[in-house]
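Asker: What follows is start-v4.cif, mmCIF, C-alpha atoms; chains and numbers go by the auth columns.
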data_data
loop_
_atom_site.group_PDB
_atom_site.id
_atom_site.type_symbol
_atom_site.label_atom_id
_atom_site.label_comp_id
_atom_site.label_asym_id
_atom_site.label_seq_id
_atom_site.Cartn_x
_atom_site.Cartn_y
_atom_site.Cartn_z
_atom_site.B_iso_or_equiv
_atom_site.auth_seq_id
_atom_site.auth_asym_id
ATOM 1 C CA MET A 1 -38.927 4.504 -40.152 0.00 167 A
ATOM 2 C CA LYS A 2 -36.879 1.632 -41.584 0.00 168 A
ATOM 3 C CA SER A 3 -36.163 -1.421 -39.466 0.00 169 A
ATOM 4 C CA LEU A 4 -32.902 -3.280 -39.092 0.00 170 A
ATOM 5 C CA VAL A 5 -32.180 -6.605 -37.404 0.00 171 A
ATOM 6 C CA LEU A 6 -28.704 -6.629 -35.889 0.00 172 A
ATOM 7 C CA ILE A 7 -27.283 -10.101 -35.168 0.00 173 A
ATOM 8 C CA ASP A 8 -24.019 -10.231 -33.237 0.00 174 A
ATOM 9 C CA SER A 9 -22.911 -12.097 -30.123 0.00 175 A
ATOM 10 C CA ASP A 10 -20.713 -9.183 -29.050 0.00 176 A
ATOM 11 C CA VAL A 11 -22.686 -6.676 -27.023 0.00 177 A
ATOM 12 C CA LEU A 12 -20.174 -3.881 -27.703 0.00 178 A
ATOM 13 C CA SER A 13 -20.400 -4.402 -31.466 0.00 179 A
ATOM 14 C CA ARG A 14 -24.200 -4.264 -31.251 0.00 180 A
ATOM 15 C CA ALA A 15 -24.010 -1.070 -29.200 0.00 181 A
ATOM 16 C CA LEU A 16 -21.667 0.586 -31.730 0.00 182 A
ATOM 17 C CA VAL A 17 -23.850 -0.257 -34.717 0.00 183 A
ATOM 18 C CA SER A 18 -27.038 0.744 -32.885 0.00 184 A
ATOM 19 C CA GLN A 19 -25.562 4.104 -31.931 0.00 185 A
ATOM 20 C CA CYS A 20 -24.556 4.699 -35.558 0.00 186 A
ATOM 21 C CA VAL A 21 -28.026 4.189 -37.017 0.00 187 A
ATOM 22 C CA ILE A 22 -30.542 5.130 -34.310 0.00 188 A
ATOM 23 C CA GLY A 23 -31.702 8.676 -34.906 0.00 189 A
ATOM 24 C CA ARG A 24 -30.983 8.365 -38.633 0.00 190 A
ATOM 25 C CA GLY A 25 -34.309 6.830 -39.590 0.00 191 A
ATOM 26 C CA TRP A 26 -33.645 3.288 -38.347 0.00 192 A
ATOM 27 C CA ARG A 27 -35.282 1.162 -35.686 0.00 193 A
ATOM 28 C CA VAL A 28 -32.857 -1.521 -34.462 0.00 194 A
ATOM 29 C CA LEU A 29 -33.930 -4.968 -33.265 0.00 195 A
ATOM 30 C CA GLU A 30 -31.039 -6.882 -31.678 0.00 196 A
ATOM 31 C CA ALA A 31 -30.246 -10.589 -31.398 0.00 197 A
ATOM 32 C CA GLU A 32 -27.175 -12.278 -29.933 0.00 198 A
ATOM 33 C CA ASP A 33 -27.279 -15.396 -32.124 0.00 199 A
ATOM 34 C CA GLY A 34 -28.378 -16.530 -35.574 0.00 200 A
ATOM 35 C CA GLU A 35 -31.494 -18.402 -34.466 0.00 201 A
ATOM 36 C CA ALA A 36 -32.872 -15.479 -32.449 0.00 202 A
ATOM 37 C CA GLY A 37 -31.978 -13.148 -35.315 0.00 203 A
ATOM 38 C CA LEU A 38 -33.844 -15.254 -37.861 0.00 204 A
ATOM 39 C CA GLU A 39 -36.916 -15.221 -35.635 0.00 205 A
ATOM 40 C CA LEU A 40 -36.802 -11.400 -35.582 0.00 206 A
ATOM 41 C CA VAL A 41 -36.307 -11.272 -39.352 0.00 207 A
ATOM 42 C CA GLN A 42 -39.297 -13.550 -39.947 0.00 208 A
ATOM 43 C CA LYS A 43 -41.491 -11.655 -37.506 0.00 209 A
ATOM 44 C CA TYR A 44 -40.641 -8.062 -38.516 0.00 210 A
ATOM 45 C CA GLN A 45 -39.454 -8.454 -42.149 0.00 211 A
ATOM 46 C CA PRO A 46 -36.933 -5.605 -41.884 0.00 212 A
ATOM 47 C CA GLU A 47 -35.438 -3.655 -44.760 0.00 213 A
ATOM 48 C CA ALA A 48 -31.933 -4.707 -43.696 0.00 214 A
ATOM 49 C CA VAL A 49 -30.077 -7.270 -41.599 0.00 215 A
ATOM 50 C CA ILE A 50 -26.557 -6.817 -40.271 0.00 216 A
ATOM 51 C CA CYS A 51 -25.105 -10.159 -39.208 0.00 217 A
ATOM 52 C CA ASP A 52 -21.670 -11.154 -37.952 0.00 218 A
ATOM 53 C CA LEU A 53 -20.144 -14.044 -39.916 0.00 219 A
ATOM 54 C CA ARG A 54 -19.264 -15.887 -36.703 0.00 220 A
ATOM 55 C CA THR A 55 -22.571 -15.542 -34.892 0.00 221 A
ATOM 56 C CA PRO A 56 -23.358 -18.608 -32.738 0.00 222 A
ATOM 57 C CA LYS A 57 -26.174 -21.103 -33.442 0.00 223 A
ATOM 58 C CA ARG A 58 -26.333 -20.081 -37.124 0.00 224 A
ATOM 59 C CA ASN A 59 -23.422 -18.225 -38.673 0.00 225 A
ATOM 60 C CA GLY A 60 -23.821 -15.247 -40.989 0.00 226 A
ATOM 61 C CA PHE A 61 -23.487 -17.341 -44.150 0.00 227 A
ATOM 62 C CA LYS A 62 -26.320 -19.647 -43.029 0.00 228 A
ATOM 63 C CA VAL A 63 -28.515 -16.733 -41.882 0.00 229 A
ATOM 64 C CA CYS A 64 -28.118 -15.054 -45.267 0.00 230 A
ATOM 65 C CA ARG A 65 -28.932 -18.245 -47.186 0.00 231 A
ATOM 66 C CA LEU A 66 -32.009 -18.919 -45.054 0.00 232 A
ATOM 67 C CA ILE A 67 -33.301 -15.375 -45.586 0.00 233 A
ATOM 68 C CA ARG A 68 -32.828 -15.734 -49.363 0.00 234 A
ATOM 69 C CA GLU A 69 -34.783 -19.025 -49.380 0.00 235 A
ATOM 70 C CA GLN A 70 -37.928 -17.387 -47.995 0.00 236 A
ATOM 71 C CA PRO A 71 -39.917 -15.528 -50.688 0.00 237 A
ATOM 72 C CA PRO A 72 -41.362 -12.862 -48.347 0.00 238 A
ATOM 73 C CA LEU A 73 -37.808 -11.960 -47.243 0.00 239 A
ATOM 74 C CA GLN A 74 -36.068 -11.877 -50.618 0.00 240 A
ATOM 75 C CA SER A 75 -36.089 -8.078 -50.747 0.00 241 A
ATOM 76 C CA THR A 76 -34.288 -7.913 -47.391 0.00 242 A
ATOM 77 C CA HIS A 77 -30.755 -6.554 -47.676 0.00 243 A
ATOM 78 C CA GLU A 78 -28.049 -8.446 -45.775 0.00 244 A
ATOM 79 C CA LEU A 79 -24.847 -6.795 -44.657 0.00 245 A
ATOM 80 C CA LEU A 80 -22.426 -9.356 -43.279 0.00 246 A
ATOM 81 C CA THR A 81 -19.640 -8.276 -40.953 0.00 247 A
ATOM 82 C CA GLY A 82 -16.530 -9.979 -39.751 0.00 248 A
ATOM 83 C CA VAL A 83 -12.861 -10.069 -39.018 0.00 249 A
ATOM 84 C CA SER A 84 -11.398 -12.699 -41.255 0.00 250 A
ATOM 85 C CA ARG A 85 -7.917 -13.946 -41.990 0.00 251 A
ATOM 86 C CA PHE A 86 -9.294 -15.910 -44.934 0.00 252 A
ATOM 87 C CA ALA A 87 -9.228 -14.198 -48.327 0.00 253 A
ATOM 88 C CA ASN A 88 -12.125 -16.306 -49.622 0.00 254 A
ATOM 89 C CA HIS A 89 -14.593 -15.091 -46.961 0.00 255 A
ATOM 90 C CA ARG A 90 -15.431 -11.991 -48.987 0.00 256 A
ATOM 91 C CA GLU A 91 -16.108 -14.143 -52.076 0.00 257 A
ATOM 92 C CA THR A 92 -18.207 -16.559 -50.021 0.00 258 A
ATOM 93 C CA VAL A 93 -20.238 -13.620 -48.683 0.00 259 A
ATOM 94 C CA PHE A 94 -21.230 -12.642 -52.209 0.00 260 A
ATOM 95 C CA GLU A 95 -21.907 -16.260 -53.204 0.00 261 A
ATOM 96 C CA THR A 96 -24.619 -16.243 -50.521 0.00 262 A
ATOM 97 C CA ARG A 97 -26.061 -13.230 -52.393 0.00 263 A
ATOM 98 C CA ALA A 98 -25.468 -10.911 -49.453 0.00 264 A
ATOM 99 C CA THR A 99 -25.903 -7.255 -50.298 0.00 265 A
ATOM 100 C CA ASP A 100 -22.575 -6.141 -48.823 0.00 266 A
ATOM 101 C CA TYR A 101 -19.675 -7.068 -46.558 0.00 267 A
ATOM 102 C CA ILE A 102 -18.241 -4.707 -43.943 0.00 268 A
ATOM 103 C CA ASP A 103 -15.025 -5.377 -42.047 0.00 269 A
ATOM 104 C CA LYS A 104 -15.676 -5.707 -38.315 0.00 270 A
ATOM 105 C CA GLN A 105 -13.654 -2.599 -37.533 0.00 271 A
ATOM 106 C CA ILE A 106 -16.798 -0.737 -38.514 0.00 272 A
ATOM 107 C CA VAL A 107 -16.406 2.876 -39.541 0.00 273 A
ATOM 108 C CA PRO A 108 -19.733 4.607 -38.843 0.00 274 A
ATOM 109 C CA ALA A 109 -19.696 6.592 -42.101 0.00 275 A
ATOM 110 C CA ASP A 110 -19.042 3.415 -44.128 0.00 276 A
ATOM 111 C CA LEU A 111 -21.886 1.598 -42.369 0.00 277 A
ATOM 112 C CA LEU A 112 -24.352 4.418 -43.014 0.00 278 A
ATOM 113 C CA GLU A 113 -23.245 4.648 -46.655 0.00 279 A
ATOM 114 C CA SER A 114 -23.725 0.910 -47.142 0.00 280 A
ATOM 115 C CA LEU A 115 -27.194 1.003 -45.561 0.00 281 A
ATOM 116 C CA ALA A 116 -28.198 3.987 -47.680 0.00 282 A
ATOM 117 C CA ARG A 117 -26.904 2.330 -50.836 0.00 283 A
ATOM 118 C CA CYS A 118 -28.641 -0.982 -50.243 0.00 284 A
ATOM 119 C CA THR A 119 -32.009 0.434 -49.188 0.00 285 A
ATOM 120 C CA ASN A 120 -32.261 3.100 -51.890 0.00 286 A
ATOM 121 C CA ASP A 121 -35.128 2.014 -54.109 0.00 287 A
ATOM 122 C CA ASN A 122 -33.329 3.396 -57.177 0.00 288 A
ATOM 123 C CA HIS A 123 -30.368 1.051 -56.738 0.00 289 A
ATOM 124 C CA PRO A 124 -30.602 -2.753 -56.964 0.00 290 A
ATOM 125 C CA PRO A 125 -28.892 -4.850 -54.269 0.00 291 A
ATOM 126 C CA ILE A 126 -25.164 -5.293 -54.699 0.00 292 A
ATOM 127 C CA HIS A 127 -24.421 -8.974 -55.216 0.00 293 A
ATOM 128 C CA THR A 128 -20.907 -8.787 -56.605 0.00 294 A
ATOM 129 C CA PRO A 129 -17.620 -8.072 -54.812 0.00 295 A
ATOM 130 C CA HIS A 130 -16.280 -4.560 -55.132 0.00 296 A
#
Write the structure described by the file as structure tokens, please.

Answerer:
Amino acid sequence: MKSLVLIDSDVLSRALVSQCVIGRGWRVLEAEDGEAGLELVQKYQPEAVICDLRTPKRNGFKVCRLIREQPPLQSTHELLTGVSRFANHRETVFETRATDYIDKQIVPADLLESLARCTNDNHPPIHTPH
């Protein structure tokens, strides 16, 4: 079973994502802020991390950069989520070398497709905007 750390301050968003992936081969570990999420990532070294851009204590950009700086975590795939009015957020997401960006109005099928794409051993992580 693959593991996923889900970092989001919104309990309803965490519940939606968890419901989408549990039962589809994923174990979900939840955190409500960036610091707690990083602790889970360091402890469990999951295949994927889903992190809201506006997570308190450490935002999604910072979480992604910190994961990338740690050699044992460099194969971890980061999916950043958010609702942004700023056009450059998507570019900034990929500058952090995040695997993918998903708009916060998460469509379950899109989320599952992104997770499948980024954790498929035959496909390298996506580090460029689509």

Asker: Using only C-alpha atoms, which residues sit within 9 Å of Asp269 in chain A once same-chain residues fewer than 5 positions away are excluded, as a PDB file with C-alpha atoms, in the frame of the given file?

Answerer:
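The result, written out as result_37.pdb:
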ATOM      1  CA  LEU A 246     -22.426  -9.356 -43.279  1.00  0.00           C
ATOM      2  CA  THR A 247     -19.640  -8.276 -40.953  1.00  0.00           C
ATOM      3  CA  GLY A 248     -16.530  -9.979 -39.751  1.00  0.00           C
ATOM      4  CA  VAL A 249     -12.861 -10.069 -39.018  1.00  0.00           C
ATOM      5  CA  SER A 250     -11.398 -12.699 -41.255  1.00  0.00           C
TER       6      SER A 250
END

Asker: At what distance in Å, to one decimal, does CA of Asp199 in chain A lie from CA of Pro222 in chain A?

Answerer: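 Straight-line distance from CA of Pro222 in chain A to CA of Asp199 in chain A works out to 5.1 Å.
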
Asker: Which residues match the PyMOL selection byres ((chain A and resi 181) around 12) in the file above, as a ChimeraX atom specification?

Answerer: /A:172-180,182-188,194-198,272,274

Asker: I need the residue set behind the PyMOL selection byres ((chain A and resi 227) around 9) for this file; please write it as a PyMOL selection string.

Answerer: chain A and resi 217-220+224-226+228-232+246+258-259+262+264

Asker: Tell me which protein, DNA and RNA residues are within 9 Å of Ser280 in chain A, counting all atoms listed in the file, leaving out same-chain ones fewer than 5 positions away, and put them as a ChimeraX atom specification.

Answerer: /A:245,266-268,275,285

Asker: Okay, now the selection with C-alpha atoms, as a PDB file, keeping the file's coordinate frame?

Answerer:
ATOM      1  CA  LEU A 245     -24.847  -6.795 -44.657  1.00  0.00           C
ATOM      2  CA  ASP A 266     -22.575  -6.141 -48.823  1.00  0.00           C
ATOM      3  CA  TYR A 267     -19.675  -7.068 -46.558  1.00  0.00           C
ATOM      4  CA  ILE A 268     -18.241  -4.707 -43.943  1.00  0.00           C
ATOM      5  CA  ALA A 275     -19.696   6.592 -42.101  1.00  0.00           C
ATOM      6  CA  THR A 285     -32.009   0.434 -49.188  1.00  0.00           C
TER       7      THR A 285
END

Asker: Which of these residues is nearest to Leu278 in chain A, using all atoms listed in the file: A:Ile233, A:Met167, A:Leu239, A:Ile216?

Answerer: A:Ile216

Asker: For the provided coordinates, the residues matched by the PyMOL selection byres ((chain A and resi 240) around 12) should be stated as an MDAnalysis selection string.

Answerer: chainID A and resid 207:208 211:215 230:239 241:244 263:265 291

Asker: Keeping only C-alpha atoms, write the selected residues as a PDB file, keeping the file's coordinate frame.

Answerer:
ATOM      1  CA  VAL A 207     -36.307 -11.272 -39.352  1.00  0.00           C
ATOM      2  CA  GLN A 208     -39.297 -13.550 -39.947  1.00  0.00           C
ATOM      3  CA  GLN A 211     -39.454  -8.454 -42.149  1.00  0.00           C
ATOM      4  CA  PRO A 212     -36.933  -5.605 -41.884  1.00  0.00           C
ATOM      5  CA  GLU A 213     -35.438  -3.655 -44.760  1.00  0.00           C
ATOM      6  CA  ALA A 214     -31.933  -4.707 -43.696  1.00  0.00           C
ATOM      7  CA  VAL A 215     -30.077  -7.270 -41.599  1.00  0.00           C
ATOM      8  CA  CYS A 230     -28.118 -15.054 -45.267  1.00  0.00           C
ATOM      9  CA  ARG A 231     -28.932 -18.245 -47.186  1.00  0.00           C
ATOM     10  CA  LEU A 232     -32.009 -18.919 -45.054  1.00  0.00           C
ATOM     11  CA  ILE A 233     -33.301 -15.375 -45.586  1.00  0.00           C
ATOM     12  CA  ARG A 234     -32.828 -15.734 -49.363  1.00  0.00           C
ATOM     13  CA  GLU A 235     -34.783 -19.025 -49.380  1.00  0.00           C
ATOM     14  CA  GLN A 236     -37.928 -17.387 -47.995  1.00  0.00           C
ATOM     15  CA  PRO A 237     -39.917 -15.528 -50.688  1.00  0.00           C
ATOM     16  CA  PRO A 238     -41.362 -12.862 -48.347  1.00  0.00           C
ATOM     17  CA  LEU A 239     -37.808 -11.960 -47.243  1.00  0.00           C
ATOM     18  CA  SER A 241     -36.089  -8.078 -50.747  1.00  0.00           C
ATOM     19  CA  THR A 242     -34.288  -7.913 -47.391  1.00  0.00           C
ATOM     20  CA  HIS A 243     -30.755  -6.554 -47.676  1.00  0.00           C
ATOM     21  CA  GLU A 244     -28.049  -8.446 -45.775  1.00  0.00           C
ATOM     22  CA  ARG A 263     -26.061 -13.230 -52.393  1.00  0.00           C
ATOM     23  CA  ALA A 264     -25.468 -10.911 -49.453  1.00  0.00           C
ATOM     24  CA  THR A 265     -25.903  -7.255 -50.298  1.00  0.00           C
ATOM     25  CA  PRO A 291     -28.892  -4.850 -54.269  1.00  0.00           C
TER      26      PRO A 291
END

Asker: Distance CA of Trp192 in chain A-CA of Ser169 in chain A, one decimal place?

Answerer: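 So the two atoms, CA of Trp192 in chain A and CA of Ser169 in chain A, lie 5.5 Å apart.
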
Asker: Rounded to one decimal, what separation in Å do you get between CA of Glu279 in chain A and CA of Glu205 in chain A?

Answerer: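 Taking CA of Glu279 in chain A and CA of Glu205 in chain A, their separation equals 26.5 Å.
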
Asker: May I ask which of the residues A:Lys270, A:Lys223, A:Lys168, A:Lys209 is the closest one to Ala282 in chain A, counting all atoms listed in the file?

Answerer: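 Comparing A:Lys270, A:Lys223, A:Lys168, A:Lys209 against Ala282 in chain A, the winner is A:Lys168.
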
Asker: From the options A:Arg283, A:Leu170, A:Leu277, A:Glu261, which residue's atoms come nearest to Gly203 in chain A, counting all atoms listed in the file?

Answerer: A:Leu170
